[in-house]
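The next block is entry_9.cif, given as mmCIF, C-alpha atoms.
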data_protein
#
loop_
_atom_site.group_PDB
_atom_site.id
_atom_site.type_symbol
_atom_site.label_atom_id
_atom_site.label_comp_id
_atom_site.auth_asym_id
_atom_site.auth_seq_id
_atom_site.Cartn_x
_atom_site.Cartn_y
_atom_site.Cartn_z
ATOM 1 C CA MET G 1260 24.558 -75.890 -46.549
ATOM 2 C CA ASP G 1261 23.161 -72.374 -46.560
ATOM 3 C CA SER G 1262 25.744 -70.604 -44.488
ATOM 4 C CA ILE G 1263 28.032 -71.440 -41.609
ATOM 5 C CA LEU G 1264 26.536 -68.743 -39.443
ATOM 6 C CA GLY G 1265 22.935 -69.520 -40.437
ATOM 7 C CA ILE G 1266 20.334 -66.929 -39.487
ATOM 8 C CA HIS G 1267 22.811 -65.058 -37.292
ATOM 9 C CA GLU G 1268 24.475 -63.589 -40.348
ATOM 10 C CA SER G 1269 21.167 -62.028 -41.442
ATOM 11 C CA ALA G 1270 20.429 -60.970 -37.889
ATOM 12 C CA LEU G 1271 23.782 -59.170 -37.623
ATOM 13 C CA LEU G 1272 23.126 -57.338 -40.894
ATOM 14 C CA TYR G 1273 19.675 -56.310 -39.688
ATOM 15 C CA ARG G 1274 21.061 -55.075 -36.353
ATOM 16 C CA ALA G 1275 23.879 -53.145 -38.054
ATOM 17 C CA ARG G 1276 21.424 -51.497 -40.420
ATOM 18 C CA ARG G 1277 19.027 -50.633 -37.613
ATOM 19 C CA MET G 1278 21.963 -49.146 -35.708
ATOM 20 C CA ASP G 1279 22.437 -46.732 -38.641
ATOM 21 C CA VAL G 1280 18.745 -45.835 -38.750
ATOM 22 C CA LEU G 1281 18.632 -45.125 -35.001
ATOM 23 C CA ALA G 1282 21.900 -43.175 -35.220
ATOM 24 C CA GLU G 1283 20.335 -41.040 -37.929
ATOM 25 C CA ASN G 1284 17.301 -40.357 -35.746
ATOM 26 C CA LEU G 1285 19.562 -39.263 -32.906
ATOM 27 C CA ALA G 1286 21.706 -37.153 -35.232
ATOM 28 C CA ASN G 1287 18.566 -35.300 -36.334
ATOM 29 C CA SER G 1288 17.018 -34.902 -32.880
ATOM 30 C CA ASP G 1289 17.161 -31.095 -33.324
ATOM 31 C CA THR G 1290 16.313 -30.854 -37.035
ATOM 32 C CA PRO G 1291 12.980 -29.139 -37.759
ATOM 33 C CA GLN G 1292 10.455 -31.247 -39.731
ATOM 34 C CA TYR G 1293 12.571 -34.398 -39.410
ATOM 35 C CA LYS G 1294 10.477 -37.558 -39.018
ATOM 36 C CA ALA G 1295 11.976 -40.404 -36.998
ATOM 37 C CA ARG G 1296 12.137 -43.777 -38.728
ATOM 38 C CA ASP G 1297 12.701 -47.343 -37.682
ATOM 39 C CA MET G 1298 12.711 -50.845 -39.140
ATOM 40 C CA GLU G 1299 9.950 -53.247 -38.323
ATOM 41 C CA PHE G 1300 11.412 -56.518 -37.141
ATOM 42 C CA SER G 1301 8.536 -58.716 -38.329
ATOM 43 C CA SER G 1302 8.684 -57.328 -41.876
ATOM 44 C CA VAL G 1303 12.416 -57.988 -41.987
ATOM 45 C CA LEU G 1304 11.931 -61.471 -40.597
ATOM 46 C CA ASP G 1305 9.405 -62.222 -43.351
ATOM 47 C CA GLY G 1306 12.035 -61.187 -45.879
ATOM 48 C CA VAL G 1307 14.456 -63.815 -44.583
ATOM 49 C CA GLY G 1308 12.234 -66.577 -45.937
ATOM 50 C CA ALA G 1309 13.179 -68.472 -49.086
ATOM 51 C CA ASP G 1310 10.841 -66.431 -51.310
ATOM 52 C CA ALA G 1311 12.629 -63.161 -50.672
ATOM 53 C CA ARG G 1312 15.962 -64.395 -52.001
ATOM 54 C CA LEU G 1313 16.908 -64.415 -55.644
ATOM 55 C CA LYS G 1314 17.339 -67.973 -56.828
ATOM 56 C CA VAL G 1315 20.948 -69.100 -57.124
ATOM 57 C CA THR G 1316 21.052 -71.743 -59.831
ATOM 58 C CA ASP G 1317 24.722 -71.403 -60.706
ATOM 59 C CA PRO G 1318 27.734 -71.172 -58.372
ATOM 60 C CA ARG G 1319 28.774 -67.963 -60.120
ATOM 61 C CA HIS G 1320 25.512 -66.195 -59.175
ATOM 62 C CA ILE G 1321 25.607 -63.702 -56.368
ATOM 63 C CA ALA G 1322 22.989 -64.385 -53.736
ATOM 64 C CA SER G 1323 20.701 -61.480 -52.838
ATOM 65 C CA ASN G 1324 20.773 -59.994 -49.416
ATOM 66 C CA PRO G 1325 17.246 -59.891 -47.982
ATOM 67 C CA ILE G 1326 18.159 -57.680 -45.038
ATOM 68 C CA ASP G 1327 19.301 -54.651 -47.004
ATOM 69 C CA ASN G 1328 15.693 -53.858 -47.741
ATOM 70 C CA ARG G 1329 15.103 -50.124 -47.612
ATOM 71 C CA ALA G 1330 11.355 -50.541 -48.001
ATOM 72 C CA ALA G 1331 11.263 -51.841 -44.442
ATOM 73 C CA LEU G 1332 11.854 -48.316 -43.097
ATOM 74 C CA LYS G 1333 8.727 -46.893 -41.484
ATOM 75 C CA TYR G 1334 7.956 -43.581 -39.853
ATOM 76 C CA ARG G 1335 7.516 -43.601 -36.119
ATOM 77 C CA ILE G 1336 4.325 -42.390 -34.434
ATOM 78 C CA PRO G 1337 5.531 -40.004 -31.709
ATOM 79 C CA HIS G 1338 4.192 -40.000 -28.168
ATOM 80 C CA GLN G 1339 4.822 -36.279 -27.847
ATOM 81 C CA PRO G 1340 5.245 -34.519 -31.201
ATOM 82 C CA SER G 1341 7.126 -31.252 -30.936
ATOM 83 C CA LEU G 1342 6.085 -27.875 -32.320
ATOM 84 C CA ASP G 1343 8.783 -27.763 -35.034
ATOM 85 C CA GLY G 1344 7.512 -30.952 -36.682
ATOM 86 C CA ASN G 1345 10.336 -33.112 -35.354
ATOM 87 C CA THR G 1346 9.222 -36.548 -34.132
ATOM 88 C CA VAL G 1347 12.483 -37.775 -32.596
ATOM 89 C CA GLU G 1348 12.229 -38.616 -28.901
ATOM 90 C CA ALA G 1349 15.898 -38.767 -28.007
ATOM 91 C CA ASP G 1350 15.578 -40.755 -24.785
ATOM 92 C CA LEU G 1351 13.451 -43.425 -26.424
ATOM 93 C CA GLU G 1352 15.782 -43.590 -29.404
ATOM 94 C CA LEU G 1353 18.762 -44.027 -27.098
ATOM 95 C CA ALA G 1354 16.945 -46.825 -25.246
ATOM 96 C CA ARG G 1355 16.168 -48.566 -28.543
ATOM 97 C CA TYR G 1356 19.751 -48.082 -29.642
ATOM 98 C CA ALA G 1357 20.979 -49.771 -26.457
ATOM 99 C CA GLU G 1358 18.502 -52.634 -26.935
ATOM 100 C CA ASN G 1359 19.668 -53.026 -30.520
ATOM 101 C CA ALA G 1360 23.317 -53.077 -29.401
ATOM 102 C CA VAL G 1361 22.612 -55.846 -26.886
ATOM 103 C CA SER G 1362 20.800 -57.871 -29.559
ATOM 104 C CA TYR G 1363 23.762 -57.360 -31.874
ATOM 105 C CA GLN G 1364 26.074 -58.715 -29.188
ATOM 106 C CA ALA G 1365 23.770 -61.695 -28.677
ATOM 107 C CA SER G 1366 23.877 -62.506 -32.398
ATOM 108 C CA LEU G 1367 27.645 -62.089 -32.305
ATOM 109 C CA LEU G 1368 27.829 -64.544 -29.420
ATOM 110 C CA PHE G 1369 25.733 -67.125 -31.286
ATOM 111 C CA ALA G 1370 27.836 -66.663 -34.413
ATOM 112 C CA SER G 1371 31.107 -67.126 -32.548
ATOM 113 C CA GLY G 1372 29.577 -70.200 -30.880
ATOM 114 C CA ARG G 1373 29.075 -71.696 -34.329
ATOM 115 C CA ILE G 1374 32.650 -70.938 -35.298
ATOM 116 C CA GLN G 1375 33.853 -72.480 -32.049
ATOM 117 C CA THR G 1376 31.825 -75.607 -32.815
ATOM 118 C CA LEU G 1377 33.442 -75.935 -36.232
ATOM 119 C CA ARG G 1378 36.899 -75.397 -34.769
ATOM 120 C CA THR G 1379 36.323 -78.102 -32.213
ATOM 121 C CA ALA G 1380 35.150 -80.448 -34.950
ATOM 122 C CA LEU G 1381 38.191 -79.667 -37.096
ATOM 123 C CA ALA G 1382 40.738 -79.966 -34.323
ATOM 124 C CA GLY G 1383 39.166 -82.980 -32.697
ATOM 125 C CA THR G 1384 39.997 -81.569 -29.292
ATOM 126 C CA ARG G 1385 38.767 -78.577 -27.435
ATOM 127 C CA SER G 1386 41.405 -75.891 -27.788
ATOM 128 C CA MET S 841 27.997 -51.967 -47.089
ATOM 129 C CA SER S 842 27.292 -49.734 -44.154
ATOM 130 C CA ALA S 843 29.554 -51.234 -41.500
ATOM 131 C CA PHE S 844 31.090 -47.900 -40.564
ATOM 132 C CA SER S 845 28.395 -45.436 -41.599
ATOM 133 C CA THR S 846 27.136 -45.124 -38.020
ATOM 134 C CA PHE S 847 30.327 -43.206 -37.311
ATOM 135 C CA ASP S 848 29.690 -40.843 -40.231
ATOM 136 C CA ILE S 849 26.084 -40.218 -39.208
ATOM 137 C CA ALA S 850 26.872 -39.555 -35.559
ATOM 138 C CA GLY S 851 29.946 -37.562 -36.622
ATOM 139 C CA THR S 852 27.845 -35.061 -38.587
ATOM 140 C CA ALA S 853 25.680 -34.640 -35.501
ATOM 141 C CA LEU S 854 28.709 -34.025 -33.278
ATOM 142 C CA SER S 855 29.966 -31.284 -35.562
ATOM 143 C CA ALA S 856 26.485 -29.726 -35.879
ATOM 144 C CA GLN S 857 25.958 -29.703 -32.120
ATOM 145 C CA SER S 858 29.400 -28.287 -31.434
ATOM 146 C CA LEU S 859 28.646 -25.484 -33.903
ATOM 147 C CA ARG S 860 25.491 -24.821 -31.904
ATOM 148 C CA LEU S 861 27.508 -24.721 -28.669
ATOM 149 C CA ASN S 862 29.972 -22.314 -30.285
ATOM 150 C CA LEU S 863 27.141 -20.041 -31.402
ATOM 151 C CA THR S 864 25.712 -20.042 -27.887
ATOM 152 C CA ALA S 865 29.147 -19.084 -26.550
ATOM 153 C CA SER S 866 29.375 -16.303 -29.143
ATOM 154 C CA ASN S 867 25.889 -15.029 -28.285
ATOM 155 C CA LEU S 868 26.570 -15.029 -24.557
ATOM 156 C CA ALA S 869 29.956 -13.361 -25.023
ATOM 157 C CA ASN S 870 28.356 -10.544 -27.032
ATOM 158 C CA MET S 871 25.293 -10.230 -24.833
ATOM 159 C CA HIS S 872 26.307 -6.801 -23.526
ATOM 160 C CA ASP S 873 27.471 -5.296 -26.816
ATOM 161 C CA VAL S 874 26.035 -1.834 -27.443
ATOM 162 C CA ALA S 875 26.110 0.536 -30.416
ATOM 163 C CA GLY S 876 24.684 3.937 -31.198
ATOM 164 C CA ASN S 877 23.029 2.654 -34.344
ATOM 165 C CA PRO S 878 20.601 -0.315 -34.346
ATOM 166 C CA ALA S 879 22.125 -1.641 -37.588
ATOM 167 C CA ASP S 880 25.626 -1.910 -36.093
ATOM 168 C CA VAL S 881 24.956 -3.942 -33.000
ATOM 169 C CA TYR S 882 25.572 -7.688 -32.634
ATOM 170 C CA ARG S 883 22.575 -9.908 -33.407
ATOM 171 C CA SER S 884 21.851 -13.283 -31.865
ATOM 172 C CA ARG S 885 23.057 -16.092 -34.171
ATOM 173 C CA GLN S 886 21.389 -19.473 -34.581
ATOM 174 C CA ALA S 887 22.315 -22.564 -36.578
ATOM 175 C CA LEU S 888 19.918 -23.978 -39.186
ATOM 176 C CA PHE S 889 19.809 -27.776 -39.357
ATOM 177 C CA ARG S 890 18.468 -29.989 -42.105
ATOM 178 C CA ALA S 891 18.396 -33.768 -42.550
ATOM 179 C CA ALA S 892 21.205 -34.543 -45.004
ATOM 180 C CA GLY S 893 19.982 -36.242 -48.168
ATOM 181 C CA GLY S 894 16.415 -35.065 -47.619
ATOM 182 C CA PHE S 895 13.883 -37.573 -46.387
ATOM 183 C CA GLY S 896 14.676 -40.254 -48.942
ATOM 184 C CA ASP S 897 16.011 -43.703 -48.256
ATOM 185 C CA ALA S 898 19.644 -42.697 -47.905
ATOM 186 C CA LEU S 899 20.885 -42.402 -44.344
ATOM 187 C CA ALA S 900 23.218 -39.470 -44.086
ATOM 188 C CA GLY S 901 22.939 -37.664 -40.773
ATOM 189 C CA VAL S 902 22.456 -33.940 -40.309
ATOM 190 C CA ASP S 903 23.531 -30.983 -42.410
ATOM 191 C CA VAL S 904 24.181 -27.426 -41.246
ATOM 192 C CA LEU S 905 22.371 -25.210 -43.758
ATOM 193 C CA GLY S 906 23.916 -22.085 -42.350
ATOM 194 C CA VAL S 907 23.883 -19.565 -39.558
ATOM 195 C CA THR S 908 21.066 -17.036 -39.331
ATOM 196 C CA GLU S 909 20.962 -13.756 -37.458
ATOM 197 C CA SER S 910 17.901 -13.090 -35.346
ATOM 198 C CA ILE S 911 15.561 -10.454 -36.795
ATOM 199 C CA ALA S 912 14.308 -9.408 -33.359
ATOM 200 C CA PRO S 913 14.909 -5.657 -32.808
ATOM 201 C CA PRO S 914 17.895 -4.630 -30.648
ATOM 202 C CA ILE S 915 17.117 -3.513 -27.115
ATOM 203 C CA GLU S 916 16.854 0.287 -26.996
ATOM 204 C CA ARG S 917 18.106 1.921 -23.813
ATOM 205 C CA TYR S 918 18.517 5.527 -22.650
ATOM 206 C CA ASP S 919 22.140 5.879 -21.534
ATOM 207 C CA PRO S 920 23.477 9.387 -22.286
ATOM 208 C CA GLY S 921 26.708 8.752 -20.344
ATOM 209 C CA ASN S 922 27.738 5.967 -22.686
ATOM 210 C CA PRO S 923 30.394 7.108 -25.187
ATOM 211 C CA GLN S 924 28.588 5.072 -27.888
ATOM 212 C CA ALA S 925 25.247 6.830 -27.355
ATOM 213 C CA ASN S 926 23.735 8.677 -30.310
ATOM 214 C CA LYS S 927 22.692 12.336 -30.205
ATOM 215 C CA ASP S 928 19.426 11.474 -28.398
ATOM 216 C CA GLY S 929 21.363 9.600 -25.706
ATOM 217 C CA MET S 930 20.107 6.183 -26.849
ATOM 218 C CA VAL S 931 22.196 3.018 -27.133
ATOM 219 C CA TYR S 932 21.146 -0.251 -28.778
ATOM 220 C CA ALA S 933 22.072 -3.502 -27.058
ATOM 221 C CA ALA S 934 22.397 -6.957 -28.667
ATOM 222 C CA ASN S 935 19.103 -8.870 -28.920
ATOM 223 C CA VAL S 936 20.495 -11.888 -27.050
ATOM 224 C CA ASN S 937 18.173 -13.564 -24.569
ATOM 225 C CA ALA S 938 20.277 -15.218 -21.867
ATOM 226 C CA MET S 939 17.531 -17.675 -20.847
ATOM 227 C CA GLU S 940 17.026 -18.861 -24.425
ATOM 228 C CA GLU S 941 20.766 -19.272 -24.839
ATOM 229 C CA MET S 942 21.115 -21.309 -21.663
ATOM 230 C CA ALA S 943 18.256 -23.606 -22.717
ATOM 231 C CA ASN S 944 19.867 -23.924 -26.143
ATOM 232 C CA MET S 945 23.200 -24.758 -24.559
ATOM 233 C CA ILE S 946 21.730 -27.550 -22.419
ATOM 234 C CA SER S 947 19.893 -29.001 -25.415
ATOM 235 C CA ALA S 948 23.021 -28.932 -27.588
ATOM 236 C CA SER S 949 25.183 -30.463 -24.881
ATOM 237 C CA ARG S 950 22.704 -33.304 -24.273
ATOM 238 C CA SER S 951 22.452 -34.029 -27.992
ATOM 239 C CA TYR S 952 26.238 -34.043 -28.218
ATOM 240 C CA GLN S 953 26.412 -36.523 -25.348
ATOM 241 C CA SER S 954 23.875 -38.924 -26.844
ATOM 242 C CA ASN S 955 25.655 -38.931 -30.200
ATOM 243 C CA LEU S 956 28.946 -39.594 -28.451
ATOM 244 C CA GLU S 957 27.253 -42.513 -26.707
ATOM 245 C CA VAL S 958 26.149 -43.804 -30.123
ATOM 246 C CA ILE S 959 29.727 -43.679 -31.410
ATOM 247 C CA ASN S 960 31.132 -45.411 -28.339
ATOM 248 C CA THR S 961 28.593 -48.225 -28.526
ATOM 249 C CA ALA S 962 29.125 -48.670 -32.272
ATOM 250 C CA LYS S 963 32.883 -48.746 -31.724
ATOM 251 C CA ALA S 964 32.623 -51.456 -29.073
ATOM 252 C CA LEU S 965 30.355 -53.536 -31.323
ATOM 253 C CA MET S 966 32.614 -53.162 -34.360
ATOM 254 C CA LEU S 967 35.679 -54.176 -32.343
ATOM 255 C CA ARG S 968 33.865 -57.279 -31.120
ATOM 256 C CA THR S 969 32.773 -58.047 -34.671
ATOM 257 C CA LEU S 970 36.347 -57.792 -35.888
ATOM 258 C CA ALA S 971 37.364 -60.282 -33.219
ATOM 259 C CA LEU S 972 34.661 -62.760 -34.319
ATOM 260 C CA GLY S 973 35.954 -66.321 -34.380
ATOM 261 C CA GLN S 974 39.170 -65.561 -32.573
ATOM 262 C CA GLY S 975 38.102 -67.705 -29.648
#
Using the file provided, produce a representation of the structure as structure tokens.
Amino acid sequence: MDSILGIHESALLYRARRMDVLAENLANSDTPQYKARDMEFSSVLDGVGADARLKVTDPRHIASNPIDNRAALKYRIPHQPSLDGNTVEADLELARYAENAVSYQASLLFASGRIQTLRTALAGTRS
Amino acid sequence: MSAFSTFDIAGTALSAQSLRLNLTASNLANMHDVAGNPADVYRSRQALFRAAGGFGDALAGVDVLGVTESIAPPIERYDPGNPQANKDGMVYAANVNAMEEMANMISASRSYQSNLEVINTAKALMLRTLALGQG
């Protein structure tokens, strides 16, 4: 068994990390020359495959975490670049942040569903 | 791991934006300062921001590099009745532009609000994460 929470564990880590990246963009919305960054979902998803993990051949090995991949950070192409070289579009960043938060909650819901399933199986009755 | 770093990142932004609001308040409060000597009069102050940790991989929020004084010349005015006037009857007023300051204030206040929103959302998510599996 890979993990009780399955892919939702990785998804939560990705969403939490993206939350930080978007928070940084918003924090620097008035910093000259700052370039907004984001994580590309498809590139992260590719990393979740078996190849991206270090092989665990002994129970004492620590499994690698494919989501904490800083290389996945990419610079955003702005719709309206500003004169001071800043490429943060605060409204768009806030919208993406909200979308990311909802996705985080969805992953959380799936994860707690799994835990609920296990509890039901352990207790034999629905508590 | 970075579970709580969102709060740090948005926190640096809150403090940077509140500094900017304070500077706007200071500039507006001293808008009508005059002096008989152009070197003595109040100068408009602005905050200098920089991305903390440069543009590397580390996520660290925003840094306040410092506060600069505007190099625009003070506004020269002929006002011989003013007790501060020099021997030619000239006074020098602070180089504060009220329109610029108001625009600055709105920008700072909106940035403050969006970072507060970030913290509130992150807080709600973290609380739900802590309650994971509690039914």
(request) Write out as a list of chain:residue names which residues come within 8 Å of region 902-905 of chain S when counting only C-alpha atoms, dropping same-chain ones fewer than 3 positions away. (result)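 Everything that qualifies: G:Glu1283, G:Ala1286, G:Asn1287, G:Thr1290, S:Ile849, S:Thr852, S:Ala853, S:Ala856, S:Ala887, S:Leu888, S:Phe889, S:Arg890, S:Ala891, S:Ala892.
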Please, could you write that set of residues out with C-alpha atoms as a CSV table (one decimal), in the frame of the given file?
chain,number,residue,atom,x,y,z
G,1283,GLU,CA,20.3,-41.0,-37.9
G,1286,ALA,CA,21.7,-37.2,-35.2
G,1287,ASN,CA,18.6,-35.3,-36.3
G,1290,THR,CA,16.3,-30.9,-37.0
S,849,ILE,CA,26.1,-40.2,-39.2
S,852,THR,CA,27.8,-35.1,-38.6
S,853,ALA,CA,25.7,-34.6,-35.5
S,856,ALA,CA,26.5,-29.7,-35.9
S,887,ALA,CA,22.3,-22.6,-36.6
S,888,LEU,CA,19.9,-24.0,-39.2
S,889,PHE,CA,19.8,-27.8,-39.4
S,890,ARG,CA,18.5,-30.0,-42.1
S,891,ALA,CA,18.4,-33.8,-42.6
S,892,ALA,CA,21.2,-34.5,-45.0
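Non-sequential neighbours of region 1368-1373 of chain G (distance at most 8 Å, separation of 6 or more positions within a chain, all atoms listed in the file) are Ile1263, Leu1264, His1267 and Glu1268 of chain G; Leu972, Gly973 and Gly975 of chain S.
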(message) Show me, as an NGL selection string, the residues of chain S whose atoms get within 10 Å of chain G, using only C-alpha atoms for the distance check.
(response) :S and (841-854 or 856-857 or 888-892 or 894-904 or 947-948 or 950-952 or 954-955 or 957-959 or 961-962 or 964-966 or 968-969 or 971-975)
Quick one: which residues end up in the PyMOL selection byres ((chain S and resi 868) around 9) for this structure, as an mmCIF file with C-alpha atoms, in the frame of the given file?
data_model
loop_
_atom_site.group_PDB
_atom_site.id
_atom_site.type_symbol
_atom_site.label_atom_id
_atom_site.label_comp_id
_atom_site.auth_asym_id
_atom_site.auth_seq_id
_atom_site.Cartn_x
_atom_site.Cartn_y
_atom_site.Cartn_z
ATOM 1 C CA LEU S 863 27.141 -20.041 -31.402
ATOM 2 C CA THR S 864 25.712 -20.042 -27.887
ATOM 3 C CA ALA S 865 29.147 -19.084 -26.550
ATOM 4 C CA SER S 866 29.375 -16.303 -29.143
ATOM 5 C CA ASN S 867 25.889 -15.029 -28.285
ATOM 6 C CA ALA S 869 29.956 -13.361 -25.023
ATOM 7 C CA ASN S 870 28.356 -10.544 -27.032
ATOM 8 C CA MET S 871 25.293 -10.230 -24.833
ATOM 9 C CA HIS S 872 26.307 -6.801 -23.526
ATOM 10 C CA SER S 884 21.851 -13.283 -31.865
ATOM 11 C CA VAL S 936 20.495 -11.888 -27.050
ATOM 12 C CA ASN S 937 18.173 -13.564 -24.569
ATOM 13 C CA ALA S 938 20.277 -15.218 -21.867
ATOM 14 C CA GLU S 941 20.766 -19.272 -24.839
ATOM 15 C CA MET S 942 21.115 -21.309 -21.663
#
(request) Please write as a list of chain:residue names the full residue list that the PyMOL selection byres ((chain G and resi 1296) around 6) yields on this file. (result) G:Ala1295, G:Asp1297, G:Lys1333, G:Tyr1334, G:Arg1335
Can you spit out the residues from that selection as a PDB file, in the frame of the given file, using C-alpha atoms?
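Result file is out-v1.pdb:
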ATOM      1  CA  ALA G1295      11.976 -40.404 -36.998  1.00  0.00           C
ATOM      2  CA  ASP G1297      12.701 -47.343 -37.682  1.00  0.00           C
ATOM      3  CA  LYS G1333       8.727 -46.893 -41.484  1.00  0.00           C
ATOM      4  CA  TYR G1334       7.956 -43.581 -39.853  1.00  0.00           C
ATOM      5  CA  ARG G1335       7.516 -43.601 -36.119  1.00  0.00           C
TER       6      ARG G1335
END
(request) For CA of Gln886 (chain S) and CA of Pro914 (chain S), determine how far apart the two atoms are, in Å to one decimal place. (result) 15.7 Å
